[in-house]
>>> print(open('model32.cif').read())   # mmCIF, C-alpha atoms
data_final
#
loop_
_atom_site.label_atom_id
_atom_site.label_comp_id
_atom_site.auth_asym_id
_atom_site.auth_seq_id
_atom_site.Cartn_x
_atom_site.Cartn_y
_atom_site.Cartn_z
CA MET M 1 -86.92 -4.06 401.99
CA ASN M 2 -86.04 -4.53 405.65
CA GLY M 3 -87.61 -7.97 405.47
CA GLN M 4 -85.37 -8.89 402.52
CA VAL M 5 -82.27 -7.68 404.31
CA SER M 6 -83.30 -9.61 407.37
CA VAL M 7 -83.87 -12.85 405.38
CA THR M 8 -80.53 -12.39 403.60
CA SER M 9 -78.65 -11.80 406.81
CA ILE M 10 -80.29 -14.82 408.45
CA SER M 11 -79.40 -17.11 405.55
CA GLN M 12 -75.89 -15.62 405.51
CA SER M 13 -75.46 -16.30 409.21
CA THR M 14 -76.83 -19.83 408.77
CA PHE M 15 -74.36 -20.37 405.95
CA ASN M 16 -71.51 -19.05 408.09
CA ARG M 17 -72.53 -21.30 410.95
CA ARG M 18 -72.56 -24.33 408.66
CA ILE M 19 -69.15 -23.49 407.26
CA ALA M 20 -67.83 -23.11 410.79
CA LEU M 21 -69.41 -26.46 411.72
CA LEU M 22 -67.85 -28.08 408.66
CA GLY M 23 -64.46 -26.75 409.70
CA GLN M 24 -64.94 -28.05 413.23
CA VAL M 25 -65.91 -31.50 411.91
CA ALA M 26 -63.06 -31.51 409.39
CA TRP M 27 -60.25 -30.85 411.84
CA ARG M 28 -61.70 -33.32 414.30
CA GLY M 29 -61.89 -35.92 411.52
CA ALA M 30 -58.30 -35.25 410.52
CA LEU M 31 -57.20 -35.50 414.14
CA LEU M 32 -59.08 -38.78 414.59
CA ALA M 33 -57.41 -40.22 411.47
CA LEU M 34 -53.99 -39.04 412.59
CA VAL M 35 -54.36 -40.49 416.10
CA ALA M 36 -55.64 -43.75 414.62
CA MET M 37 -52.70 -44.03 412.24
CA LEU M 38 -50.19 -43.30 414.97
CA GLY M 39 -51.97 -45.86 417.13
CA GLY M 40 -51.73 -48.34 414.27
CA LEU M 41 -47.99 -47.75 413.94
CA VAL M 42 -47.47 -48.26 417.68
CA ALA M 43 -49.74 -51.32 417.82
CA ASN M 44 -47.87 -52.83 414.89
CA ARG M 45 -44.71 -52.95 416.98
CA PHE M 46 -46.46 -55.20 419.48
CA ARG M 47 -47.74 -57.68 416.92
CA ARG M 48 -46.37 -61.19 416.94
CA GLU M 49 -45.24 -60.60 413.36
CA PRO M 50 -45.03 -56.83 412.79
CA LEU M 51 -45.71 -55.67 409.25
CA GLU M 52 -42.62 -54.39 407.49
CA LEU M 53 -43.21 -50.91 406.16
CA LYS M 54 -41.64 -51.28 402.76
CA ALA M 55 -42.98 -51.12 399.25
CA TYR M 56 -45.08 -54.11 398.29
CA ALA M 57 -43.14 -56.68 396.31
CA PRO M 58 -45.33 -58.82 394.07
CA PRO M 59 -44.61 -62.56 393.88
CA THR M 60 -41.56 -63.23 391.74
CA GLN M 61 -42.88 -66.50 390.40
CA CYS M 62 -45.58 -66.98 387.87
CA ALA M 63 -49.03 -67.52 389.28
CA GLU M 64 -50.00 -71.13 389.74
CA ALA M 65 -52.14 -72.45 386.98
CA SER M 66 -55.80 -72.56 387.78
CA GLU M 67 -57.34 -76.01 387.91
CA THR M 68 -60.62 -74.76 386.57
CA ALA M 69 -59.77 -72.10 384.02
CA THR M 70 -57.06 -72.72 381.48
CA ALA M 71 -56.06 -70.83 378.39
CA SER M 72 -56.20 -72.58 375.04
CA VAL M 73 -53.01 -73.21 373.10
CA MET M 74 -52.77 -72.38 369.40
CA SER M 75 -50.02 -72.88 366.86
CA ALA M 76 -48.16 -69.94 365.37
CA GLN M 77 -49.89 -70.49 362.01
CA ALA M 78 -53.32 -70.42 363.64
CA VAL M 79 -52.47 -67.36 365.70
CA SER M 80 -51.15 -65.54 362.62
CA GLY M 81 -54.75 -65.40 361.42
CA LEU M 82 -55.48 -63.11 364.37
CA CYS M 83 -52.55 -60.81 363.71
CA GLY M 84 -53.50 -57.30 362.71
CA ARG M 85 -57.04 -57.50 364.04
CA ASP M 86 -58.14 -54.52 366.13
CA ASP M 87 -59.74 -56.64 368.81
CA VAL M 88 -56.63 -58.75 369.44
CA LEU M 89 -53.79 -57.88 371.78
CA PHE M 90 -50.47 -59.70 372.03
CA ALA M 91 -48.73 -59.87 375.40
CA ASP M 92 -45.06 -60.78 375.67
CA ALA M 93 -44.31 -62.69 378.87
CA ARG M 94 -40.52 -62.82 378.43
CA ASP M 95 -37.99 -60.65 380.17
CA GLU M 96 -37.22 -57.08 379.21
CA ASP M 97 -34.01 -57.78 377.25
CA GLN M 98 -35.62 -60.45 375.13
CA PHE M 99 -38.56 -58.18 374.47
CA ALA M 100 -36.19 -55.42 373.35
CA MET M 101 -34.36 -57.77 370.98
CA GLY M 102 -37.51 -58.77 369.21
CA HIS M 103 -41.22 -59.12 369.76
CA VAL M 104 -44.49 -59.22 367.97
CA THR M 105 -45.02 -55.61 366.97
CA GLY M 106 -47.75 -54.01 368.98
CA ALA M 107 -47.31 -56.56 371.75
CA THR M 108 -47.41 -55.30 375.27
CA HIS M 109 -44.61 -56.37 377.57
CA LEU M 110 -45.87 -58.57 380.37
CA PRO M 111 -43.18 -60.58 382.14
CA CYS M 112 -44.57 -63.09 384.58
CA THR M 113 -42.58 -61.30 387.23
CA SER M 114 -44.17 -57.97 386.42
CA SER M 115 -45.68 -55.81 389.09
CA ARG M 116 -49.41 -55.97 389.52
CA GLY M 117 -49.61 -52.38 388.37
CA ASP M 118 -48.48 -53.56 384.94
CA VAL M 119 -51.17 -56.21 384.91
CA GLY M 120 -53.61 -53.39 385.62
CA GLN M 121 -52.26 -51.58 382.58
CA LEU M 122 -52.80 -54.70 380.54
CA PHE M 123 -56.43 -54.92 381.61
CA GLY M 124 -56.76 -51.26 380.66
CA GLN M 125 -55.37 -52.01 377.21
CA LEU M 126 -57.80 -54.89 376.85
CA GLN M 127 -60.81 -52.61 376.79
CA GLY M 128 -62.53 -53.08 373.44
CA LYS M 129 -60.51 -56.23 372.70
CA HIS M 130 -61.77 -59.77 372.77
CA THR M 131 -58.66 -61.88 372.33
CA LEU M 132 -55.39 -61.83 374.21
CA VAL M 133 -52.50 -63.84 372.81
CA VAL M 134 -49.82 -64.54 375.40
CA TYR M 135 -46.42 -65.79 374.36
CA GLY M 136 -43.17 -66.47 376.15
CA ASN M 137 -40.04 -68.51 375.58
CA SER M 138 -42.06 -71.68 375.71
CA THR M 139 -45.66 -72.82 375.74
CA ASP M 140 -45.55 -73.73 379.42
CA GLU M 141 -44.10 -70.41 380.49
CA ALA M 142 -46.79 -68.46 378.67
CA LYS M 143 -49.51 -70.82 379.83
CA LEU M 144 -48.72 -70.13 383.49
CA VAL M 145 -49.07 -66.43 382.85
CA ALA M 146 -52.20 -66.85 380.71
CA ASP M 147 -53.91 -69.01 383.31
CA GLY M 148 -53.05 -66.47 385.98
CA LEU M 149 -54.60 -63.70 383.88
CA LEU M 150 -57.63 -65.84 383.20
CA ARG M 151 -58.21 -66.16 386.92
CA GLN M 152 -57.95 -62.42 387.42
CA THR M 153 -60.39 -61.28 384.78
CA LYS M 154 -64.13 -61.64 385.03
CA ARG M 155 -64.66 -60.86 381.36
CA ARG M 156 -66.39 -63.75 379.69
CA ASP M 157 -66.05 -62.19 376.26
CA LEU M 158 -62.27 -62.33 376.45
CA ALA M 159 -60.46 -65.33 374.97
CA ILE M 160 -56.92 -65.88 376.22
CA ILE M 161 -54.74 -67.87 373.87
CA VAL M 162 -51.23 -69.20 374.36
CA LEU M 163 -48.86 -69.20 371.41
CA GLN M 164 -47.55 -72.74 371.06
CA GLY M 165 -43.78 -72.94 371.07
CA GLY M 166 -43.36 -69.36 372.24
CA PHE M 167 -41.84 -66.47 370.34
CA SER M 168 -39.24 -68.68 368.67
CA ALA M 169 -41.99 -70.71 366.99
CA TRP M 170 -43.55 -67.49 365.73
CA ARG M 171 -40.23 -66.17 364.46
CA ASP M 172 -39.17 -69.50 362.94
CA SER M 173 -42.45 -69.69 361.05
CA GLY M 174 -41.49 -66.49 359.28
CA LEU M 175 -44.27 -64.68 361.02
CA ALA M 176 -42.09 -62.57 363.26
CA CYS M 177 -43.33 -59.06 363.74
CA SER M 178 -40.08 -58.35 365.52
CA SER M 179 -38.63 -55.04 366.57
CA GLY M 180 -39.58 -52.20 364.37
CA SER M 181 -42.71 -52.04 362.35
CA CYS M 182 -44.91 -55.08 362.10
CA GLU M 183 -44.61 -55.67 358.37
CA THR M 184 -45.63 -59.30 358.56
CA CYS M 185 -48.69 -58.32 360.60
CA ASN M 186 -49.62 -55.66 358.06
CA GLU M 187 -49.06 -58.02 355.17
CA THR M 188 -51.14 -60.68 356.83
CA SER M 189 -53.80 -58.18 357.58
CA SER M 190 -53.86 -56.64 354.11
CA SER M 191 -53.69 -59.98 352.34
CA ARG M 192 -56.79 -61.07 354.21
CA GLN M 193 -58.71 -57.89 353.36
CA MET C 1 -78.64 -44.35 417.89
CA ALA C 2 -79.49 -47.59 416.08
CA LEU C 3 -77.91 -46.19 412.92
CA ARG C 4 -74.73 -45.27 414.76
CA LEU C 5 -74.64 -48.66 416.44
CA ALA C 6 -74.95 -50.44 413.09
CA LEU C 7 -72.22 -48.29 411.51
CA CYS C 8 -69.99 -48.88 414.51
CA PHE C 9 -70.49 -52.64 414.34
CA VAL C 10 -69.71 -52.82 410.61
CA PHE C 11 -66.58 -50.68 410.85
CA VAL C 12 -65.19 -52.32 413.98
CA TYR C 13 -65.75 -55.74 412.44
CA ALA C 14 -64.14 -54.68 409.15
CA GLY C 15 -61.19 -53.03 410.89
CA VAL C 16 -60.51 -55.92 413.25
CA GLU C 17 -60.72 -58.54 410.49
CA LYS C 18 -58.30 -56.58 408.30
CA TRP C 19 -55.91 -56.05 411.19
CA ARG C 20 -55.98 -59.73 412.20
CA ASP C 21 -54.88 -60.98 408.80
CA ALA C 22 -52.85 -58.06 407.52
CA LYS C 23 -50.86 -60.14 405.03
CA THR C 24 -54.01 -61.23 403.23
CA PHE C 25 -55.23 -57.64 403.33
CA ILE C 26 -52.00 -56.46 401.70
CA GLU C 27 -52.57 -58.96 398.87
CA GLN C 28 -56.15 -57.84 398.52
CA ILE C 29 -55.14 -54.18 398.27
CA ALA C 30 -52.36 -54.99 395.79
CA ASN C 31 -54.86 -56.93 393.67
CA TYR C 32 -56.64 -53.66 392.97
CA GLN C 33 -53.57 -52.83 390.88
CA PHE C 34 -53.72 -49.22 391.94
CA LEU C 35 -50.41 -48.12 393.49
CA PRO C 36 -49.72 -51.67 394.76
CA GLU C 37 -46.40 -50.54 396.27
CA LEU C 38 -48.36 -48.68 398.95
CA ALA C 39 -50.40 -51.73 399.97
CA PRO C 40 -48.44 -52.44 403.21
CA TYR C 41 -48.91 -48.84 404.37
CA ALA C 42 -52.62 -48.91 403.62
CA ALA C 43 -52.97 -52.30 405.33
CA LEU C 44 -51.35 -50.90 408.45
CA LEU C 45 -53.07 -47.52 408.59
CA LEU C 46 -56.59 -48.17 407.34
CA PRO C 47 -57.90 -50.65 409.95
CA PRO C 48 -57.13 -48.42 412.98
CA VAL C 49 -58.79 -45.47 411.25
CA GLU C 50 -61.89 -47.61 410.69
CA VAL C 51 -62.00 -48.71 414.31
CA ILE C 52 -61.35 -45.23 415.74
CA ALA C 53 -63.99 -43.69 413.46
CA ALA C 54 -66.45 -46.37 414.56
CA LEU C 55 -65.75 -45.79 418.26
CA ALA C 56 -66.07 -42.03 417.79
CA VAL C 57 -69.43 -42.44 416.05
CA LEU C 58 -70.74 -44.48 418.98
CA LEU C 59 -69.11 -43.03 422.05
CA ALA C 60 -67.77 -39.51 421.44
CA PRO C 61 -69.42 -36.09 421.97
CA ARG C 62 -71.57 -34.70 419.16
CA LEU C 63 -68.96 -32.96 416.99
CA TRP C 64 -66.56 -35.88 417.30
CA ARG C 65 -69.38 -38.25 416.35
CA LYS C 66 -69.96 -36.19 413.22
CA ALA C 67 -66.22 -36.25 412.51
CA GLY C 68 -66.19 -40.03 412.86
CA ALA C 69 -69.13 -40.37 410.48
CA ALA C 70 -67.44 -37.98 408.02
CA LEU C 71 -64.32 -40.13 408.13
CA MET C 72 -66.45 -43.20 407.40
CA LEU C 73 -68.10 -41.41 404.51
CA GLY C 74 -64.71 -40.41 403.08
CA MET C 75 -63.34 -43.94 403.37
CA LEU C 76 -66.47 -45.45 401.82
CA LEU C 77 -66.25 -43.02 398.90
CA PHE C 78 -62.61 -43.96 398.37
CA PHE C 79 -63.33 -47.70 398.61
CA THR C 80 -66.21 -47.40 396.16
CA VAL C 81 -64.11 -45.53 393.61
CA ALA C 82 -61.37 -48.19 393.93
CA MET C 83 -63.90 -50.98 393.47
CA ALA C 84 -65.47 -49.23 390.48
CA ARG C 85 -62.04 -48.89 388.88
CA ALA C 86 -61.26 -52.59 389.35
CA TRP C 87 -64.72 -53.51 388.11
CA SER C 88 -64.35 -51.35 384.99
CA LEU C 89 -60.96 -52.90 384.23
CA GLY C 90 -62.48 -56.37 384.48
CA ILE C 91 -60.30 -57.36 387.41
CA ASN C 92 -61.99 -60.20 389.24
CA ILE C 93 -60.92 -59.82 392.87
CA GLU C 94 -62.16 -60.01 396.42
CA CYS C 95 -63.16 -56.57 397.63
CA GLY C 96 -61.13 -56.97 400.83
CA CYS C 97 -63.83 -55.09 402.74
CA PHE C 98 -63.86 -57.55 405.63
CA GLY C 99 -60.41 -59.12 405.38
CA LYS C 100 -60.00 -62.77 404.47
CA GLY C 101 -62.92 -64.35 402.63
CA SER C 102 -64.44 -61.03 401.54
CA PRO C 103 -66.93 -61.28 398.70
CA THR C 104 -65.85 -60.71 395.11
CA ILE C 105 -66.53 -57.21 393.78
CA GLY C 106 -69.96 -57.13 392.24
CA PRO C 107 -73.27 -55.27 392.28
CA LEU C 108 -73.89 -56.32 395.87
CA SER C 109 -70.62 -54.70 396.99
CA PHE C 110 -71.68 -51.40 395.45
CA LEU C 111 -75.14 -51.71 396.99
CA ARG C 112 -73.64 -52.35 400.42
CA ASN C 113 -71.28 -49.39 400.12
CA ALA C 114 -74.10 -47.13 398.92
CA SER C 115 -76.22 -48.15 401.93
CA LEU C 116 -73.33 -47.49 404.30
CA MET C 117 -72.65 -44.11 402.68
CA ILE C 118 -76.31 -43.13 403.11
CA ALA C 119 -76.14 -44.27 406.73
CA ALA C 120 -72.94 -42.28 407.36
CA ALA C 121 -74.40 -39.19 405.69
CA ALA C 122 -77.55 -39.57 407.80
CA ALA C 123 -75.43 -39.92 410.93
CA ILE C 124 -73.79 -36.59 410.09
CA ALA C 125 -76.97 -34.78 409.12
CA LEU C 126 -79.35 -36.06 411.78
CA ASP C 127 -77.08 -35.92 414.82
#
>>> encode(input="model32.cif", output="structure tokens")
Amino acid sequence: MNGQVSVTSISQSTFNRRIALLGQVAWRGALLALVAMLGGLVANRFRREPLELKAYAPPTQCAEASETATASVMSAQAVSGLCGRDDVLFADARDEDQFAMGHVTGATHLPCTSSRGDVGQLFGQLQGKHTLVVYGNSTDEAKLVADGLLRQTKRRDLAIIVLQGGFSAWRDSGLACSSGSCETCNETSSSRQ
Amino acid sequence: MALRLALCFVFVYAGVEKWRDAKTFIEQIANYQFLPELAPYAALLLPPVEVIAALAVLLAPRLWRKAGAALMLGMLLFFTVAMARAWSLGINIECGCFGKGSPTIGPLSFLRNASLMIAAAAAIALD
């Protein structure tokens, strides 16, 4: 019995010592980090070009088109065959007002001037999908965005397609899944089933 | 000692390279698409923490050495989670581990981080 008590008290004291050691290490670690950060702030002032401490602003122009990877361009009629499929996502590269006025229903809003966080959201939405259709006001505008996305993804099973002629071509073809429910998409989808 | 020397070398090199080309490092952090607004702050504060942790691991008294190694372990855990997130989202980016020209995130990046985490944990446990 005494032996058990003794073993318990030893392990308890060892445990207490370790907790105390952890605490000692933790506050020293926090102090090191704090001193380093303050040092970084001071050192920054002596740089030739000090970093400005303001929120990161992503580039306001579309990414340059890649010379090696380019998205394919498809007509509105051809793209309409993809509409309504579960593994296809539409991305609208126009500005917010235009998107609000009308868009392919179910499309995600992706202006070329969007923050990178939004691009991250797009990649999140692309899980389980194999085709991304990007459209804008024109083919060229969407292609810049699509090529930029193509450079950023490493997924080889993802096809990125540009809608030829932009949203207006889609709408003018009578295929518009504009604001509200995507009736054309559903019709297309059900007519194919 | 050899372990601590190796950790120190890796972290000083990584910290200095990131500090030297901070603008590239900001881009690399923003490319992770995880709170990109904070990229300039991270680019300014992370490299000195890496260097100070490395110097502590090599030169400081025992408890401070452990603290330095614990800091390294914490940073490596954070970096690995960030890389895993980017990897799972299919974002094809440089890891930014050693500033400009860092390798693209891939299995080797995770292997390197795992090795460094084991080394940092060993530096804490064995010291």
>>> interface_residues(input="model32.cif", of="chain C", to="chain M", cutoff="9 Å", atoms="only C-alpha atoms", output="ChimeraX atom specification")
/C:22-23,26-27,30-41,43-53,56,63-71,86-93
>>> atom_distance(input="model32.cif", atom1="atom CA of Leu3 of chain C", atom2="atom CA of Cys95 of chain C")
23.6 Å
>>> closest_residue(input="model32.cif", among="C:Phe79, C:Tyr13, C:Phe98, C:Phe110", to="Ala54 of chain C", atoms="all atoms listed in the file")
C:Tyr13
>>> atom_distance(input="model32.cif", atom1="atom CA of Cys97 of chain C", atom2="atom CA of Arg85 of chain C")
15.3 Å
>>> atom_distance(input="model32.cif", atom1="atom CA of Ala93 of chain M", atom2="atom CA of Gly174 of chain M")
20.2 Å
>>> resolve_selection(input="model32.cif", expression="the PyMOL selection byres ((chain C and resi 1) around 12)", output="ChimeraX atom specification")
/C:2-8,57-59,65,119,122-123,126-127
>>> write_last_selection(input="model32.cif", atoms="C-alpha atoms", output="short mmCIF file (atom, residue, chain, number, x, y, z; two decimals), in the frame of the given file")
data_model
loop_
_atom_site.label_atom_id
_atom_site.label_comp_id
_atom_site.auth_asym_id
_atom_site.auth_seq_id
_atom_site.Cartn_x
_atom_site.Cartn_y
_atom_site.Cartn_z
CA ALA C 2 -79.49 -47.59 416.08
CA LEU C 3 -77.91 -46.19 412.92
CA ARG C 4 -74.73 -45.27 414.76
CA LEU C 5 -74.64 -48.66 416.44
CA ALA C 6 -74.95 -50.44 413.09
CA LEU C 7 -72.22 -48.29 411.51
CA CYS C 8 -69.99 -48.88 414.51
CA VAL C 57 -69.43 -42.44 416.05
CA LEU C 58 -70.74 -44.48 418.98
CA LEU C 59 -69.11 -43.03 422.05
CA ARG C 65 -69.38 -38.25 416.35
CA ALA C 119 -76.14 -44.27 406.73
CA ALA C 122 -77.55 -39.57 407.80
CA ALA C 123 -75.43 -39.92 410.93
CA LEU C 126 -79.35 -36.06 411.78
CA ASP C 127 -77.08 -35.92 414.82
#
>>> residues_around(input="model32.cif", residues="Ser168 of chain M", least_positions_apart="3", cutoff="9 Å", atoms="only C-alpha atoms", output="PyMOL selection string")
chain M and resi 136-138+165+171-173+176
>>> resolve_selection(input="model32.cif", expression="the PyMOL selection byres ((chain M and resi 161) around 10)", output="number ranges by chain")
M: 70-75, 79, 90, 131-135, 142-143, 146-147, 150, 158-160, 162-164
>>> closest_residue(input="model32.cif", among="C:Leu73, C:Phe11, C:Ser102, C:Leu108", to="Phe25 of chain C", atoms="all atoms listed in the file")
C:Ser102
>>> resolve_selection(input="model32.cif", expression="the PyMOL selection byres ((chain M and resi 99) around 10)", output="list in words")
Asp92, Ala93, Arg94, Asp95, Glu96, Asp97, Gln98, Ala100, Met101, Gly102, His103, Val104, Ala107, Thr108, His109, Leu110, Pro111, Gly136, Phe167, Ser178 and Ser179 of chain M
